[in-house]
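Everything below belongs to entry.pdb, which stores PDB, C-alpha atoms, pLDDT in the B column.
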```
ATOM      1  CA  GLU A  22     127.321 117.123 112.980  1.00 70.00           C
ATOM      2  CA  ALA A  23     130.335 114.813 112.611  1.00 79.00           C
ATOM      3  CA  GLU A  24     130.788 113.309 109.177  1.00 93.00           C
ATOM      4  CA  VAL A  25     132.818 110.665 107.435  1.00 97.00           C
ATOM      5  CA  ALA A  26     135.328 112.305 105.109  1.00 97.00           C
ATOM      6  CA  GLN A  27     136.494 110.790 101.841  1.00 98.00           C
ATOM      7  CA  SER A  28     138.864 111.912  99.146  1.00 97.00           C
ATOM      8  CA  PRO A  29     139.080 112.311  96.285  1.00 97.00           C
ATOM      9  CA  ARG A  30     135.430 112.759  95.396  1.00 96.00           C
ATOM     10  CA  TYR A  31     136.076 111.850  91.756  1.00 97.00           C
ATOM     11  CA  LYS A  32     138.854 109.922  90.087  1.00 97.00           C
ATOM     12  CA  ILE A  33     139.410 109.167  86.439  1.00 97.00           C
ATOM     13  CA  THR A  34     142.183 106.752  85.600  1.00 97.00           C
ATOM     14  CA  GLU A  35     143.300 104.500  82.819  1.00 97.00           C
ATOM     15  CA  LYS A  36     143.195 100.746  83.162  1.00 95.00           C
ATOM     16  CA  SER A  37     146.336  99.190  84.625  1.00 96.00           C
ATOM     17  CA  GLN A  38     147.039 102.312  86.672  1.00 97.00           C
ATOM     18  CA  ALA A  39     147.038 102.392  90.468  1.00 97.00           C
ATOM     19  CA  VAL A  40     144.443 104.361  92.430  1.00 98.00           C
ATOM     20  CA  ALA A  41     144.034 105.065  96.122  1.00 98.00           C
ATOM     21  CA  PHE A  42     141.113 106.322  98.144  1.00 98.00           C
ATOM     22  CA  TRP A  43     141.218 107.787 101.623  1.00 98.00           C
ATOM     23  CA  CYS A  44     138.634 107.749 104.393  1.00 98.00           C
ATOM     24  CA  ASP A  45     138.523 109.500 107.759  1.00 97.00           C
ATOM     25  CA  PRO A  46     135.731 108.089 109.924  1.00 97.00           C
ATOM     26  CA  ILE A  47     133.717 109.901 112.545  1.00 96.00           C
ATOM     27  CA  SER A  48     135.877 110.468 115.591  1.00 94.00           C
ATOM     28  CA  GLY A  49     135.596 107.612 118.057  1.00 92.00           C
ATOM     29  CA  HIS A  50     134.122 105.130 115.595  1.00 93.00           C
ATOM     30  CA  ALA A  51     136.057 101.916 115.967  1.00 92.00           C
ATOM     31  CA  THR A  52     134.476 100.135 113.021  1.00 92.00           C
ATOM     32  CA  LEU A  53     135.203 101.205 109.473  1.00 95.00           C
ATOM     33  CA  TYR A  54     133.762  99.746 106.264  1.00 95.00           C
ATOM     34  CA  TRP A  55     134.608 100.046 102.601  1.00 97.00           C
ATOM     35  CA  TYR A  56     131.793  99.374 100.149  1.00 97.00           C
ATOM     36  CA  ARG A  57     131.598  99.332  96.385  1.00 97.00           C
ATOM     37  CA  GLN A  58     128.387 100.414  94.707  1.00 97.00           C
ATOM     38  CA  ILE A  59     127.932  99.723  91.014  1.00 95.00           C
ATOM     39  CA  LEU A  60     125.328 101.863  89.268  1.00 92.00           C
ATOM     40  CA  GLY A  61     121.861 100.410  89.768  1.00 91.00           C
ATOM     41  CA  GLN A  62     122.909  98.130  92.603  1.00 94.00           C
ATOM     42  CA  GLY A  63     123.129  98.364  96.363  1.00 94.00           C
ATOM     43  CA  PRO A  64     126.441  98.820  98.172  1.00 95.00           C
ATOM     44  CA  GLU A  65     128.509  95.661  98.587  1.00 95.00           C
ATOM     45  CA  LEU A  66     130.918  95.295 101.486  1.00 94.00           C
ATOM     46  CA  LEU A  67     134.562  94.981 100.457  1.00 96.00           C
ATOM     47  CA  VAL A  68     136.311  95.117 103.810  1.00 96.00           C
ATOM     48  CA  GLN A  69     135.521  95.810 107.449  1.00 94.00           C
ATOM     49  CA  PHE A  70     137.944  96.961 110.137  1.00 94.00           C
ATOM     50  CA  GLN A  71     137.580  96.869 113.879  1.00 92.00           C
ATOM     51  CA  ASP A  72     140.196  99.387 115.036  1.00 93.00           C
ATOM     52  CA  GLU A  73     143.282  98.428 112.990  1.00 94.00           C
ATOM     53  CA  SER A  74     142.281  94.799 112.438  1.00 94.00           C
ATOM     54  CA  VAL A  75     140.491  93.381 109.427  1.00 94.00           C
ATOM     55  CA  VAL A  76     137.276  91.693 110.527  1.00 91.00           C
ATOM     56  CA  ASP A  77     135.964  90.712 107.109  1.00 91.00           C
ATOM     57  CA  ASP A  78     137.606  90.946 103.715  1.00 94.00           C
ATOM     58  CA  SER A  79     135.916  87.948 102.140  1.00 92.00           C
ATOM     59  CA  GLN A  80     134.568  90.017  99.240  1.00 92.00           C
ATOM     60  CA  LEU A  81     137.768  91.966  98.591  1.00 95.00           C
ATOM     61  CA  PRO A  82     139.490  90.959  95.309  1.00 94.00           C
ATOM     62  CA  LYS A  83     142.836  90.531  96.953  1.00 93.00           C
ATOM     63  CA  ASP A  84     144.784  90.117  93.748  1.00 96.00           C
ATOM     64  CA  ARG A  85     144.322  93.799  93.009  1.00 97.00           C
ATOM     65  CA  PHE A  86     142.709  95.438  96.029  1.00 97.00           C
ATOM     66  CA  SER A  87     144.291  96.223  99.380  1.00 97.00           C
ATOM     67  CA  ALA A  88     143.106  98.142 102.405  1.00 97.00           C
ATOM     68  CA  GLU A  89     144.801  99.325 105.529  1.00 96.00           C
ATOM     69  CA  ARG A  90     143.986 101.172 108.709  1.00 96.00           C
ATOM     70  CA  LEU A  91     147.364 101.305 110.336  1.00 88.00           C
ATOM     71  CA  LYS A  92     146.603 103.417 113.396  1.00 90.00           C
ATOM     72  CA  GLY A  93     142.991 102.422 113.717  1.00 87.00           C
ATOM     73  CA  VAL A  94     141.725 105.806 112.571  1.00 93.00           C
ATOM     74  CA  ASP A  95     141.811 106.727 108.885  1.00 96.00           C
ATOM     75  CA  SER A  96     141.997 104.166 106.136  1.00 98.00           C
ATOM     76  CA  THR A  97     143.222 103.762 102.571  1.00 98.00           C
ATOM     77  CA  LEU A  98     141.806 101.507  99.870  1.00 98.00           C
ATOM     78  CA  LYS A  99     144.073 100.804  96.907  1.00 98.00           C
ATOM     79  CA  ILE A 100     143.473  99.223  93.532  1.00 98.00           C
ATOM     80  CA  GLN A 101     146.435  98.104  91.453  1.00 97.00           C
ATOM     81  CA  PRO A 102     146.047  97.614  88.577  1.00 97.00           C
ATOM     82  CA  ALA A 103     142.650  99.161  87.914  1.00 97.00           C
ATOM     83  CA  GLU A 104     140.352  97.393  85.459  1.00 97.00           C
ATOM     84  CA  LEU A 105     137.388  98.700  83.482  1.00 96.00           C
ATOM     85  CA  GLY A 106     135.005  96.759  85.726  1.00 96.00           C
ATOM     86  CA  ASP A 107     136.227  98.653  88.773  1.00 97.00           C
ATOM     87  CA  SER A 108     134.298 101.746  87.709  1.00 97.00           C
ATOM     88  CA  ALA A 109     131.913 102.362  90.595  1.00 97.00           C
ATOM     89  CA  MET A 110     131.261 104.465  93.674  1.00 97.00           C
ATOM     90  CA  TYR A 111     133.500 103.536  96.590  1.00 98.00           C
ATOM     91  CA  LEU A 112     131.818 104.319  99.887  1.00 97.00           C
ATOM     92  CA  CYS A 113     133.365 104.429 103.317  1.00 97.00           C
ATOM     93  CA  ALA A 114     131.215 104.081 106.423  1.00 95.00           C
ATOM     94  CA  SER A 115     131.906 104.043 110.123  1.00 94.00           C
ATOM     95  CA  SER A 116     130.068 103.005 113.247  1.00 91.00           C
ATOM     96  CA  LEU A 117     130.392 102.527 116.959  1.00 87.00           C
ATOM     97  CA  SER A 118     130.973  98.743 117.087  1.00 72.00           C
ATOM     98  CA  LYS A 119     127.706  97.269 115.793  1.00 69.00           C
ATOM     99  CA  GLY A 120     125.807 100.516 115.723  1.00 76.00           C
ATOM    100  CA  THR A 121     124.333 102.557 112.914  1.00 85.00           C
ATOM    101  CA  GLN A 122     126.628 102.920 109.926  1.00 90.00           C
ATOM    102  CA  TYR A 123     127.235 106.435 108.677  1.00 93.00           C
ATOM    103  CA  PHE A 124     128.438 106.843 105.136  1.00 96.00           C
ATOM    104  CA  GLY A 125     130.857 109.297 103.634  1.00 97.00           C
ATOM    105  CA  PRO A 126     130.148 111.090 100.330  1.00 96.00           C
ATOM    106  CA  GLY A 127     131.987 108.426  98.344  1.00 97.00           C
ATOM    107  CA  THR A 128     134.638 108.422  95.643  1.00 97.00           C
ATOM    108  CA  ARG A 129     133.316 108.003  92.134  1.00 97.00           C
ATOM    109  CA  LEU A 130     135.863 106.070  90.065  1.00 97.00           C
ATOM    110  CA  LEU A 131     135.891 105.898  86.288  1.00 97.00           C
ATOM    111  CA  VAL A 132     138.398 103.583  84.640  1.00 97.00           C
ATOM    112  CA  LEU A 133     139.034 104.250  80.957  1.00 96.00           C
TER     113      LEU A 133
ATOM    114  CA  ARG B  26     118.463  84.397  94.236  1.00 70.00           C
ATOM    115  CA  LYS B  27     119.549  87.680  95.796  1.00 82.00           C
ATOM    116  CA  GLU B  28     119.609  87.868  99.579  1.00 90.00           C
ATOM    117  CA  VAL B  29     117.640  91.115  99.640  1.00 95.00           C
ATOM    118  CA  GLU B  30     115.242  91.868  96.786  1.00 96.00           C
ATOM    119  CA  GLN B  31     113.395  95.054  95.954  1.00 96.00           C
ATOM    120  CA  ASP B  32     111.168  96.276  93.156  1.00 94.00           C
ATOM    121  CA  PRO B  33     113.406  98.787  91.385  1.00 94.00           C
ATOM    122  CA  GLY B  34     110.464 101.007  90.397  1.00 93.00           C
ATOM    123  CA  PRO B  35     110.252 103.807  89.601  1.00 96.00           C
ATOM    124  CA  PHE B  36     107.163 104.509  91.652  1.00 97.00           C
ATOM    125  CA  ASN B  37     105.739 107.733  90.258  1.00 97.00           C
ATOM    126  CA  VAL B  38     103.717 109.390  92.999  1.00 97.00           C
ATOM    127  CA  PRO B  39     101.697 112.612  92.863  1.00 98.00           C
ATOM    128  CA  GLU B  40     102.616 115.075  95.561  1.00 98.00           C
ATOM    129  CA  GLY B  41     100.450 114.477  98.627  1.00 97.00           C
ATOM    130  CA  ALA B  42      99.695 110.862  97.786  1.00 98.00           C
ATOM    131  CA  THR B  43     100.712 107.726  99.667  1.00 98.00           C
ATOM    132  CA  VAL B  44     103.183 105.206  98.347  1.00 97.00           C
ATOM    133  CA  ALA B  45     104.220 101.859  99.766  1.00 97.00           C
ATOM    134  CA  PHE B  46     106.691  99.230  98.690  1.00 97.00           C
ATOM    135  CA  ASN B  47     108.184  96.045 100.030  1.00 96.00           C
ATOM    136  CA  CYS B  48     111.471  94.266 100.281  1.00 96.00           C
ATOM    137  CA  THR B  49     111.970  90.520 100.733  1.00 97.00           C
ATOM    138  CA  TYR B  50     114.920  88.837 102.409  1.00 95.00           C
ATOM    139  CA  SER B  51     116.077  85.254 102.133  1.00 93.00           C
ATOM    140  CA  ASN B  52     117.705  84.560 105.512  1.00 90.00           C
ATOM    141  CA  SER B  53     115.030  83.708 108.060  1.00 90.00           C
ATOM    142  CA  ALA B  54     117.548  84.216 110.873  1.00 87.00           C
ATOM    143  CA  SER B  55     118.018  87.887 110.013  1.00 89.00           C
ATOM    144  CA  GLN B  56     117.981  90.004 113.126  1.00 84.00           C
ATOM    145  CA  SER B  57     117.748  93.642 112.241  1.00 88.00           C
ATOM    146  CA  PHE B  58     116.360  95.668 109.414  1.00 93.00           C
ATOM    147  CA  PHE B  59     116.691  99.194 108.141  1.00 94.00           C
ATOM    148  CA  TRP B  60     115.599 101.553 105.435  1.00 97.00           C
ATOM    149  CA  TYR B  61     118.266 103.848 104.012  1.00 96.00           C
ATOM    150  CA  ARG B  62     117.589 106.692 101.623  1.00 97.00           C
ATOM    151  CA  GLN B  63     119.966 107.505  98.779  1.00 97.00           C
ATOM    152  CA  ASP B  64     119.680 110.619  96.663  1.00 96.00           C
ATOM    153  CA  CYS B  65     121.077 110.576  93.143  1.00 93.00           C
ATOM    154  CA  ARG B  66     124.873 110.345  93.232  1.00 89.00           C
ATOM    155  CA  LYS B  67     124.935 110.773  97.010  1.00 94.00           C
ATOM    156  CA  GLU B  68     125.718 108.471  99.895  1.00 95.00           C
ATOM    157  CA  PRO B  69     123.074 106.339 101.639  1.00 95.00           C
ATOM    158  CA  LYS B  70     121.623 107.831 104.800  1.00 95.00           C
ATOM    159  CA  LEU B  71     119.719 105.981 107.484  1.00 94.00           C
ATOM    160  CA  LEU B  72     116.018 106.712 107.220  1.00 96.00           C
ATOM    161  CA  MET B  73     114.778 104.426 109.968  1.00 95.00           C
ATOM    162  CA  SER B  74     115.257 101.126 111.684  1.00 92.00           C
ATOM    163  CA  VAL B  75     112.460  98.575 111.407  1.00 93.00           C
ATOM    164  CA  TYR B  76     111.189  97.050 114.614  1.00 87.00           C
ATOM    165  CA  SER B  77     109.196  93.852 115.037  1.00 88.00           C
ATOM    166  CA  SER B  78     106.108  95.713 116.155  1.00 89.00           C
ATOM    167  CA  GLY B  79     106.334  98.212 113.322  1.00 89.00           C
ATOM    168  CA  ASN B  80     107.297 101.814 113.791  1.00 93.00           C
ATOM    169  CA  GLU B  81     106.485 105.252 112.551  1.00 95.00           C
ATOM    170  CA  ASP B  82     108.604 108.345 112.064  1.00 94.00           C
ATOM    171  CA  GLY B  83     106.514 111.261 110.951  1.00 96.00           C
ATOM    172  CA  ARG B  84     105.142 110.461 107.507  1.00 97.00           C
ATOM    173  CA  PHE B  85     107.112 107.226 107.261  1.00 98.00           C
ATOM    174  CA  THR B  86     105.892 103.859 108.538  1.00 97.00           C
ATOM    175  CA  ALA B  87     107.934 100.670 108.471  1.00 97.00           C
ATOM    176  CA  GLN B  88     106.582  97.174 109.035  1.00 96.00           C
ATOM    177  CA  LEU B  89     108.255  93.802 109.456  1.00 96.00           C
ATOM    178  CA  ASN B  90     106.626  90.492 108.571  1.00 95.00           C
ATOM    179  CA  ARG B  91     108.917  87.726 109.765  1.00 93.00           C
ATOM    180  CA  ALA B  92     106.609  84.913 108.691  1.00 94.00           C
ATOM    181  CA  SER B  93     106.692  86.052 105.076  1.00 95.00           C
ATOM    182  CA  GLN B  94     110.185  87.529 105.322  1.00 95.00           C
ATOM    183  CA  TYR B  95     109.488  90.991 104.081  1.00 95.00           C
ATOM    184  CA  ILE B  96     109.645  94.543 105.292  1.00 97.00           C
ATOM    185  CA  SER B  97     107.675  97.454 103.983  1.00 97.00           C
ATOM    186  CA  LEU B  98     107.918 101.215 103.871  1.00 98.00           C
ATOM    187  CA  LEU B  99     104.943 103.515 103.537  1.00 98.00           C
ATOM    188  CA  ILE B 100     105.251 107.225 102.860  1.00 98.00           C
ATOM    189  CA  ARG B 101     102.205 109.383 103.510  1.00 98.00           C
ATOM    190  CA  ASP B 102     101.564 112.856 102.153  1.00 98.00           C
ATOM    191  CA  SER B 103     104.506 112.573  99.752  1.00 98.00           C
ATOM    192  CA  LYS B 104     106.712 115.618  99.280  1.00 98.00           C
ATOM    193  CA  LEU B 105     108.832 116.470  96.270  1.00 98.00           C
ATOM    194  CA  SER B 106     111.843 116.063  98.545  1.00 97.00           C
ATOM    195  CA  ASP B 107     110.932 112.406  99.109  1.00 98.00           C
ATOM    196  CA  SER B 108     112.138 111.639  95.590  1.00 98.00           C
ATOM    197  CA  ALA B 109     115.047 109.269  96.112  1.00 98.00           C
ATOM    198  CA  THR B 110     116.065 105.634  96.032  1.00 98.00           C
ATOM    199  CA  TYR B 111     115.111 103.689  99.141  1.00 98.00           C
ATOM    200  CA  LEU B 112     117.486 100.909 100.082  1.00 97.00           C
ATOM    201  CA  CYS B 113     116.303  97.956 102.113  1.00 96.00           C
ATOM    202  CA  VAL B 114     119.055  96.780 104.459  1.00 94.00           C
ATOM    203  CA  VAL B 115     119.242  93.566 106.447  1.00 93.00           C
ATOM    204  CA  ASN B 116     121.678  92.435 109.113  1.00 87.00           C
ATOM    205  CA  PRO B 117     121.584  88.668 108.709  1.00 80.00           C
ATOM    206  CA  THR B 118     122.688  87.592 112.199  1.00 69.00           C
ATOM    207  CA  THR B 119     123.844  88.994 115.492  1.00 64.00           C
ATOM    208  CA  ASP B 120     127.281  87.464 114.901  1.00 59.00           C
ATOM    209  CA  SER B 121     127.950  89.204 111.628  1.00 55.00           C
ATOM    210  CA  TRP B 122     129.626  92.240 113.138  1.00 58.00           C
ATOM    211  CA  GLY B 123     127.261  94.538 111.362  1.00 62.00           C
ATOM    212  CA  LYS B 124     127.779  93.086 107.890  1.00 77.00           C
ATOM    213  CA  LEU B 125     124.778  94.630 106.241  1.00 87.00           C
ATOM    214  CA  GLN B 126     123.151  93.296 103.103  1.00 91.00           C
ATOM    215  CA  PHE B 127     121.705  95.945 100.832  1.00 95.00           C
ATOM    216  CA  GLY B 128     118.965  95.645  98.296  1.00 96.00           C
ATOM    217  CA  ALA B 129     119.390  97.367  94.950  1.00 96.00           C
ATOM    218  CA  GLY B 130     116.872 100.021  95.933  1.00 97.00           C
ATOM    219  CA  THR B 131     113.398 101.202  94.992  1.00 97.00           C
ATOM    220  CA  GLN B 132     113.238 104.498  93.155  1.00 97.00           C
ATOM    221  CA  VAL B 133     110.469 106.897  94.139  1.00 98.00           C
ATOM    222  CA  VAL B 134     109.675 109.945  92.026  1.00 98.00           C
ATOM    223  CA  VAL B 135     107.240 112.447  93.504  1.00 98.00           C
ATOM    224  CA  THR B 136     105.677 114.695  90.883  1.00 97.00           C
ATOM    225  CA  PRO B 137     103.983 118.096  91.311  1.00 95.00           C
TER     226      PRO B 137
END
```
How does the structure come out when it is put into structure tokens?
Amino acid sequence: EAEVAQSPRYKITEKSQAVAFWCDPISGHATLYWYRQILGQGPELLVQFQDESVVDDSQLPKDRFSAERLKGVDSTLKIQPAELGDSAMYLCASSLSKGTQYFGPGTRLLVL
Amino acid sequence: RKEVEQDPGPFNVPEGATVAFNCTYSNSASQSFFWYRQDCRKEPKLLMSVYSSGNEDGRFTAQLNRASQYISLLIRDSKLSDSATYLCVVNPTTDSWGKLQFGAGTQVVVTP
């Protein structure tokens, strides 16, 4: 069964450092999503791509977060500089256009 | 007020018993509804979609009440493996390009 791949699975960093997360969606899935899930809450959409284009980044803190999907396949989410409040699970999901979203295993970030 | 609200639980359920819980949503124009399951420290996985007429998948039954703006999930003959957090997910409109709104989840603990 095809899966969404994410790396790293865990990341510990100090505040003010830069971090980057990588996501490889299910082959053929044109739509890719990055979510942030804080402990005890549901996932919150940060950014959505349709192929290489950003469809929605209204909830992305653009002063410190950036995301790209240059070739319309894999994607990178970057935080610079990281803050204590960024500690969370970062989930990537993919779908066929508006179809069911399939999630990757996530990257658990701890900012010290 | 949150757009999707759930009772966080936990619902402690003896093995073999039935458990049911609801989720309310604020946007009356919401078009599609889902239940996702999330195990501790894992990614969300689609459990089932929720259809207007209600639907069943094995031991799981989902219902939609548009008039009162809630959806429900019922689990019959609970298994230990049903222990998880159940996320209520709403797609607010058909134009939202799949921008899902997640509840914070309802925790279910099935005990021997």
**Request:** Tell me which of B:Val133, B:Ala54, B:Ile100, B:Val38 sits closest to Ala87 of chain B, counting all atoms listed in the file.
**Result:**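 Smallest separation from Ala87 of chain B among the options: B:Ile100.
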**Message:** Distance limit 12 Å, atoms considered: all atoms listed in the file. Which chain A residues sit that close to chain B? Return them as a ChimeraX atom specification.
**Reply:** /A:24-27,30-31,51-71,75-80,109-129
**Message:** Evaluated on this file, the PyMOL selection byres ((chain B and resi 36) around 12) picks out some residues - which ones are they, written as a ChimeraX atom specification?
**Reply:** /B:32-35,37-39,42-47,100,103,107-111,130-136
**Request:** Point out the residue among B:Val75, B:Asp82, B:Asp64, B:Arg26 with the least atom-to-atom distance to Asn116 of chain B, counting only C-alpha atoms.
**Result:**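 The answer is B:Val75, which sits nearest to Asn116 of chain B.
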**Asked** What gap, in Å, lies between atom CA of Gln56 of chain B and atom CA of Ser97 of chain B?
**Response** 15.7 Å
**Request:** Please measure the separation of atom CA of Ala92 of chain B and atom CA of Ser77 of chain B, giving the value in Å to one decimal.
**Result:**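 Distance reported for this atom pair: 11.3 Å.
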**Message:** I'd like the neighbourhood of Glu35 of chain A as JSON, numbers by chain, where a residue qualifies if any of its atoms comes within 12 Å (using only C-alpha atoms), though same-chain residues fewer than 3 positions away should be ignored.
**Reply:** {"A": [32, 38, 39, 40, 100, 101, 102, 103, 104, 105, 106, 107, 108, 130, 131, 132, 133]}
**Asked** Quick one, how far is atom CA of Phe42 of chain A from atom CA of Ser28 of chain A?
**Response**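 According to the coordinates, atom CA of Phe42 of chain A and atom CA of Ser28 of chain A are separated by 6.1 Å.
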**Item:** Result set of the PyMOL selection byres ((chain A and resi 96) around 7) on the coordinates above, as a PyMOL selection string
**Value:** chain A and resi 43-45+89-90+94-95+97-98
Written selection (C-alpha atoms) as a short mmCIF file (atom, residue, chain, number, x, y, z; two decimals), in the coordinates of the input:
```cif
data_model
loop_
_atom_site.label_atom_id
_atom_site.label_comp_id
_atom_site.auth_asym_id
_atom_site.auth_seq_id
_atom_site.Cartn_x
_atom_site.Cartn_y
_atom_site.Cartn_z
CA TRP A 43 141.22 107.79 101.62
CA CYS A 44 138.63 107.75 104.39
CA ASP A 45 138.52 109.50 107.76
CA GLU A 89 144.80 99.32 105.53
CA ARG A 90 143.99 101.17 108.71
CA VAL A 94 141.72 105.81 112.57
CA ASP A 95 141.81 106.73 108.88
CA THR A 97 143.22 103.76 102.57
CA LEU A 98 141.81 101.51 99.87
#
```
